Amino acid sequence: MSTTAWSLAGNPNSGKTTLFNILTGSNQHIGNWPGVTIERKSGKLKHNNQVEIQDLPGIYSMSPYSSEEIITRNYILNGQTDRVLDVVDATNLERNLYLTLQLMETGVPIIIGLNMMDRLKKEGNRKINLKKLSYVLGLPVVSISALKNQHVDQLVDKMQDPNVQTYAYPKYDDRLESAINLIGDTIQALVPKQQLRWYAIKLFERDEDVTNELKLSAEQTQAIDTTITTTEKVFDDVSDSIVVNARYDFIARVMEMAVIDTEDFSMSWS
Ligand code: BGO
């Protein structure tokens, strides 16, 4: 049987380390990421040595600004992981989904571990419909409490189920999608197929690292620039902010479909 490499990604304090410790038990190795003093934890799944798990540094965004962001971004994009377990704090769903969307944009297969469900229940003012959340994201979602070790066994089952569909990408505003597709057509021979959307979005955002990495010809640069400036005119906004807004619009739709704020509901009757 071949080994599967999983990574735990998520916002800081979403519970990655707590979950990592349950998944690996004492089966773990602790070191540092190369060149930085950020702790690196890796290990093997308890009872299944064929599943390797890497705990990635907690981040809010895949922008290449902090050391944590660079490590996580490069690790996922350089193909060092087969799959990502996205640890999402259920009590901070909107904020956490911003990273989820960016992870989805990389084209890596993802399962969502919706953590802190014990705290969500205790707070009692919000309900999340897991089926709808999974449907609207197009990804498997398993609700857990890493702290209380609740439903982690179901998450492990899902991680080892070969039939689980773990790849989906968020579809944004049609006008932005057209621009992403046009840029994708221009660069499709230069990047791995699975990462085409990631590269197209990054070029649209004028991400310097990606622009330098691809070594585009003058014609390709010109074509992409025309697409970006035309789209900016249509939206009357700059390209990176168009993408940020598209992600927030998508998250707003997810929240509308899958979340009920029970406090709002009772207030509307008072
Ligand atoms: C402290 N439920 C609840 N209620 N808490 C959880 C859960 C869960 O499912 N999972 C994790 N936590 P990390 P990152 C703490 O450390 O795993 C808690 O950054 C405290 N510490 O116990 O470290 C977890 O690796 C003092 O809380 O997250 C931890 O992703 C008071 O969430 C925190 C209160 O978990 C972050 C909490 C001295």
# chains A, B, ... in the order shown; residues from 1 in each chain; ligands from 1

call {"tool": "select_by_dssp", "arguments": {"residues": "region 19-53 of chain A", "states": "strand (DSSP E)", "output": "PyMOL selection string"}}
result
chain A and resi 28-32+39-45+48-53

call {"tool": "closest_atom_pairs", "arguments": {"of": "region 146-236 of chain A", "to": "region 84-95 of chain A", "cutoff": "12 Å", "atoms": "only C-alpha atoms", "output": "JSON lines"}}
result
{"residue": "A:Ala146", "atom": "CA", "partner": "A:Val87", "partner_atom": "CA", "distance": 9.9}
{"residue": "A:Val152", "atom": "CA", "partner": "A:Val87", "partner_atom": "CA", "distance": 11.9}
{"residue": "A:Leu155", "atom": "CA", "partner": "A:Leu85", "partner_atom": "CA", "distance": 9.5}
{"residue": "A:Val156", "atom": "CA", "partner": "A:Leu85", "partner_atom": "CA", "distance": 10.4}
{"residue": "A:Lys158", "atom": "CA", "partner": "A:Leu85", "partner_atom": "CA", "distance": 10.6}
{"residue": "A:Met159", "atom": "CA", "partner": "A:Leu85", "partner_atom": "CA", "distance": 8.4}
{"residue": "A:Gln160", "atom": "CA", "partner": "A:Leu85", "partner_atom": "CA", "distance": 11.9}
{"residue": "A:Thr166", "atom": "CA", "partner": "A:Val84", "partner_atom": "CA", "distance": 9.2}
{"residue": "A:Tyr167", "atom": "CA", "partner": "A:Val84", "partner_atom": "CA", "distance": 10.3}

call {"tool": "select_by_dssp", "arguments": {"residues": "region 68-236 of chain A", "states": "helix (DSSP H, G or I)", "output": "MDAnalysis selection string"}}
result
chainID A and resid 68:77 90:105 117:123 130:137 152:159 174:187 193:204 208:214 218:235

call {"tool": "closest_atom_pairs", "arguments": {"of": "chain A", "to": "ligand 1", "cutoff": "8 Å", "atoms": "only C-alpha atoms and all ligand atoms", "output": "tab-separated table"}}
result
residue	atom	partner	partner_atom_place_in_ligand_line	distance
A:Gly10	CA	ligand 1	30 (O)	6.4
A:Asn11	CA	ligand 1	30 (O)	6.2
A:Pro12	CA	ligand 1	19 (O)	4.1
A:Asn13	CA	ligand 1	19 (O)	3.3
A:Ser14	CA	ligand 1	30 (O)	4.0
A:Gly15	CA	ligand 1	17 (O)	3.3
A:Lys16	CA	ligand 1	30 (O)	3.7
A:Thr17	CA	ligand 1	25 (O)	3.6
A:Thr18	CA	ligand 1	17 (O)	3.7
A:Leu19	CA	ligand 1	17 (O)	6.4
A:Phe20	CA	ligand 1	17 (O)	7.8
A:Pro57	CA	ligand 1	25 (O)	8.0
A:Gly58	CA	ligand 1	30 (O)	6.0
A:Val87	CA	ligand 1	30 (O)	7.5
A:Asn115	CA	ligand 1	9 (O)	5.0
A:Met116	CA	ligand 1	9 (O)	3.5
A:Met117	CA	ligand 1	9 (O)	6.1
A:Asp118	CA	ligand 1	2 (N)	5.6
A:Arg119	CA	ligand 1	4 (N)	4.8
A:Ile144	CA	ligand 1	9 (O)	6.4
A:Ser145	CA	ligand 1	9 (O)	3.3
A:Ala146	CA	ligand 1	9 (O)	4.0
A:Leu147	CA	ligand 1	8 (C)	4.1
A:Lys148	CA	ligand 1	9 (O)	6.3
A:Asn149	CA	ligand 1	9 (O)	7.5

call {"tool": "residues_around", "arguments": {"residues": "Ala258 (chain A)", "least_positions_apart": "6", "cutoff": "9 Å", "atoms": "only C-alpha atoms", "output": "ChimeraX atom specification"}}
result
/A:127-134,136

call {"tool": "closest_residue", "arguments": {"among": "A:Ile30, A:Val191, A:Leu101, A:Val142", "to": "Val243 (chain A)", "atoms": "only C-alpha atoms"}}
result
A:Leu101

call {"tool": "closest_residue", "arguments": {"among": "A:His29, A:Arg83, A:Lys193, A:Arg73", "to": "Ser7 (chain A)", "atoms": "only C-alpha atoms"}}
result
A:Arg83
